[in-house]
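These notes are about the structure you will find just below.
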Amino acid sequence: MAGDPYKELGVAKGASADEIKKAFRKLAKELHPDKNPGDKVSEERFKRITAAFDLLGDAEKRAKYDRGEIDADGREQFRAPPGGGGRSGGFGGFGGSGGRGGFEDIDLEELFGAFGGGGRTAGRGGFGGGKGQDVRATLDISLEDSIAGTTRRIQFSDGRMLDVVIPKGASEGQVIRLKGQGAPGRGGQAGDALIELKIAPHPVFKRDGADLTMDLAVSVPDAVLGGKIQVPTPEGAVMMTIPKGSNSGKILRLKGRGAYAGGKRGDLLAKLAVTLPETPDDELIRFATEWRDKRPYTPGR
């Protein structure tokens with residue numbers, strides 16, 4: 001990041017931590033790429049203010065910068081000891097103690113929303129010798145996307161936006177590794193980005209390992225006489241045969257229509273619920289009355 005981080009955020013050098021945080025929030029809302037699609041100028045400025053806050057939002061890094069021990073990019077500076085002589089401090093490389101710094105105090109997910117549809121903000125990792133640190137993030141996906149596969153975009157706290165390919169048949173807790181997308185190393189290769197998948201709850205289906213369960217309403221005629229009815233699945237509706245004389249609680253299985261776990265796909269289990277119309281008409285009432293009078297039936301006996 002070139003330039004003065006105080007000027008990037010538009011604050012004085014004596015600004016308080018709260019003033020710095022407020023300035024960053026205001027600018028980040030204005031410049032975020034989601035609000036300025038295709039605007040390269042805003043995208044570049046967003047990266048600069050993010051890097052500025054990463055420096056000034058960390059009290060230790062800010063103090064080192066103010067003392068001239070590191071530059072705006074966190075690199076250590078040459079410093080001659082009092083009275084001249086040799087050099088003290090590090091030579092080149094990346095300074096700082098690593099970690100997310102000031103981002104610990106700001107909920108960027110709340111600030112910007114779920115980037116790219118549910119991606120939670122990832123840490124920037126630290127800097128050390130050799131290979132850079134891995135960074136981690138969690139990405140919320142739908143049940144349908146976990147089954148069919150898709151591509152989702154995730155936002156990192158340093159302004160980078162990465163496309164994550166969700167493989168077909170992804171499962172809860174699966175980790176996707178993006179090589180070289182982590183923190184840069186000191187003279188070595190960058191670390192990786194580790195994206196953990198979380199499958200969001202579904203309004204119709206419940207997951208039970210690789211299987212899916214659901215309640216399926218059926219009419220009295222279909223339950224008594226049997227028939228074919230339309231059943232929802234994660235990949236669209238299919239027709240299923242209801243056996244004659246089916247009661248509420250009976251479970252019908254659709255093979256291979258469930259979720260995935262351990263690379264294997266489960267089944268969809270539909271629990272029948274025999275359902276009456278909300279407002280029974282006269283014909284249904286007359287039928288039920290005659291049935292009760294002529295063919296008395298007590299469930300469970």
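Residues are referred to by chain and number: the chain letter is A, B, ... according to the order shown in the structure tokens, the number counts from 1 in that chain, and ligands are numbered separately from 1 in the order shown.
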Item to check | Gly266 (chain A) surroundings by only C-alpha atoms, 6 Å radius, close-in-sequence under 3 positions cut, as a PyMOL selection string | outcome: chain A and resi 210-211+256+258-259
Next on the checklist: Would you pick out the contacts of Leu31 (chain A) at 8 Å or less, using only C-alpha atoms, so that residues sharing its chain but fewer than 2 positions from it are not included, and give the list as JSON, numbers by chain?
Outcome noted: {"A": [27, 28, 29, 33, 35, 36, 42, 43, 45, 46]}
Next on the checklist: I'd like the contact shell of Ile242 (chain A) - 12 Å cut-off, only C-alpha atoms, skipping same-chain residues fewer than 5 positions apart - returned as a PyMOL selection string.
Outcome noted: chain A and resi 216-231+247-248+250-254+270-274
Please produce an output containing C-alpha atoms for each residue in the selection, written as a PDB file, in the first residue's frame.
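Contents of selection03.pdb, as written:
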ATOM      1  CA  LEU A 216     -45.566 -35.356   2.744  1.00  0.00           C
ATOM      2  CA  ALA A 217     -49.257 -34.475   2.866  1.00  0.00           C
ATOM      3  CA  VAL A 218     -51.592 -36.901   1.017  1.00  0.00           C
ATOM      4  CA  SER A 219     -55.341 -36.724   0.522  1.00  0.00           C
ATOM      5  CA  VAL A 220     -57.752 -39.259   2.001  1.00  0.00           C
ATOM      6  CA  PRO A 221     -58.689 -40.711  -1.444  1.00  0.00           C
ATOM      7  CA  ASP A 222     -55.001 -41.192  -2.378  1.00  0.00           C
ATOM      8  CA  ALA A 223     -54.294 -42.778   1.000  1.00  0.00           C
ATOM      9  CA  VAL A 224     -57.260 -45.170   0.729  1.00  0.00           C
ATOM     10  CA  LEU A 225     -57.170 -45.987  -2.979  1.00  0.00           C
ATOM     11  CA  GLY A 226     -53.501 -45.378  -3.747  1.00  0.00           C
ATOM     12  CA  GLY A 227     -52.252 -43.239  -6.600  1.00  0.00           C
ATOM     13  CA  LYS A 228     -49.423 -41.155  -7.992  1.00  0.00           C
ATOM     14  CA  ILE A 229     -48.614 -37.765  -6.472  1.00  0.00           C
ATOM     15  CA  GLN A 230     -45.972 -35.131  -7.065  1.00  0.00           C
ATOM     16  CA  VAL A 231     -43.144 -35.055  -4.515  1.00  0.00           C
ATOM     17  CA  ASN A 247     -51.713 -44.424   6.836  1.00  0.00           C
ATOM     18  CA  SER A 248     -50.174 -41.294   8.325  1.00  0.00           C
ATOM     19  CA  LYS A 250     -45.882 -44.496   6.727  1.00  0.00           C
ATOM     20  CA  ILE A 251     -42.427 -43.757   5.284  1.00  0.00           C
ATOM     21  CA  LEU A 252     -41.744 -44.038   1.569  1.00  0.00           C
ATOM     22  CA  ARG A 253     -38.184 -44.028   0.248  1.00  0.00           C
ATOM     23  CA  LEU A 254     -36.872 -42.373  -2.901  1.00  0.00           C
ATOM     24  CA  ALA A 270     -41.074 -39.079   2.843  1.00  0.00           C
ATOM     25  CA  LYS A 271     -43.274 -39.465   5.931  1.00  0.00           C
ATOM     26  CA  LEU A 272     -46.941 -39.505   4.929  1.00  0.00           C
ATOM     27  CA  ALA A 273     -49.492 -37.299   6.643  1.00  0.00           C
ATOM     28  CA  VAL A 274     -53.078 -38.078   5.592  1.00  0.00           C
TER      29      VAL A 274
END
Checklist outcome for this item: Min atom-atom distance to Leu143 (chain A) from the set A:Glu8, A:Glu235, A:Asp54, A:Asp18, counting only C-alpha atoms, belongs to A:Glu235
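Excluding Ala170 (chain A) and any residue on its chain fewer than 2 positions from it, the residues at most 9 Å away by only C-alpha atoms are Asp145, Ser146, Ile147, Ala148, Gly149, Ile166, Pro167, Lys168, Glu172, Gly173, Gln174, Leu197, Ala259, Tyr260, Ala261, Gly262 and Gly263 of chain A.
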Next on the checklist: Just to confirm, what's the straight-line distance from CA of Ile49 (chain A) to CA of Gly159 (chain A) in Å (one decimal)?
Outcome noted: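 Separating CA of Ile49 (chain A) from CA of Gly159 (chain A) is a distance of 9.3 Å.
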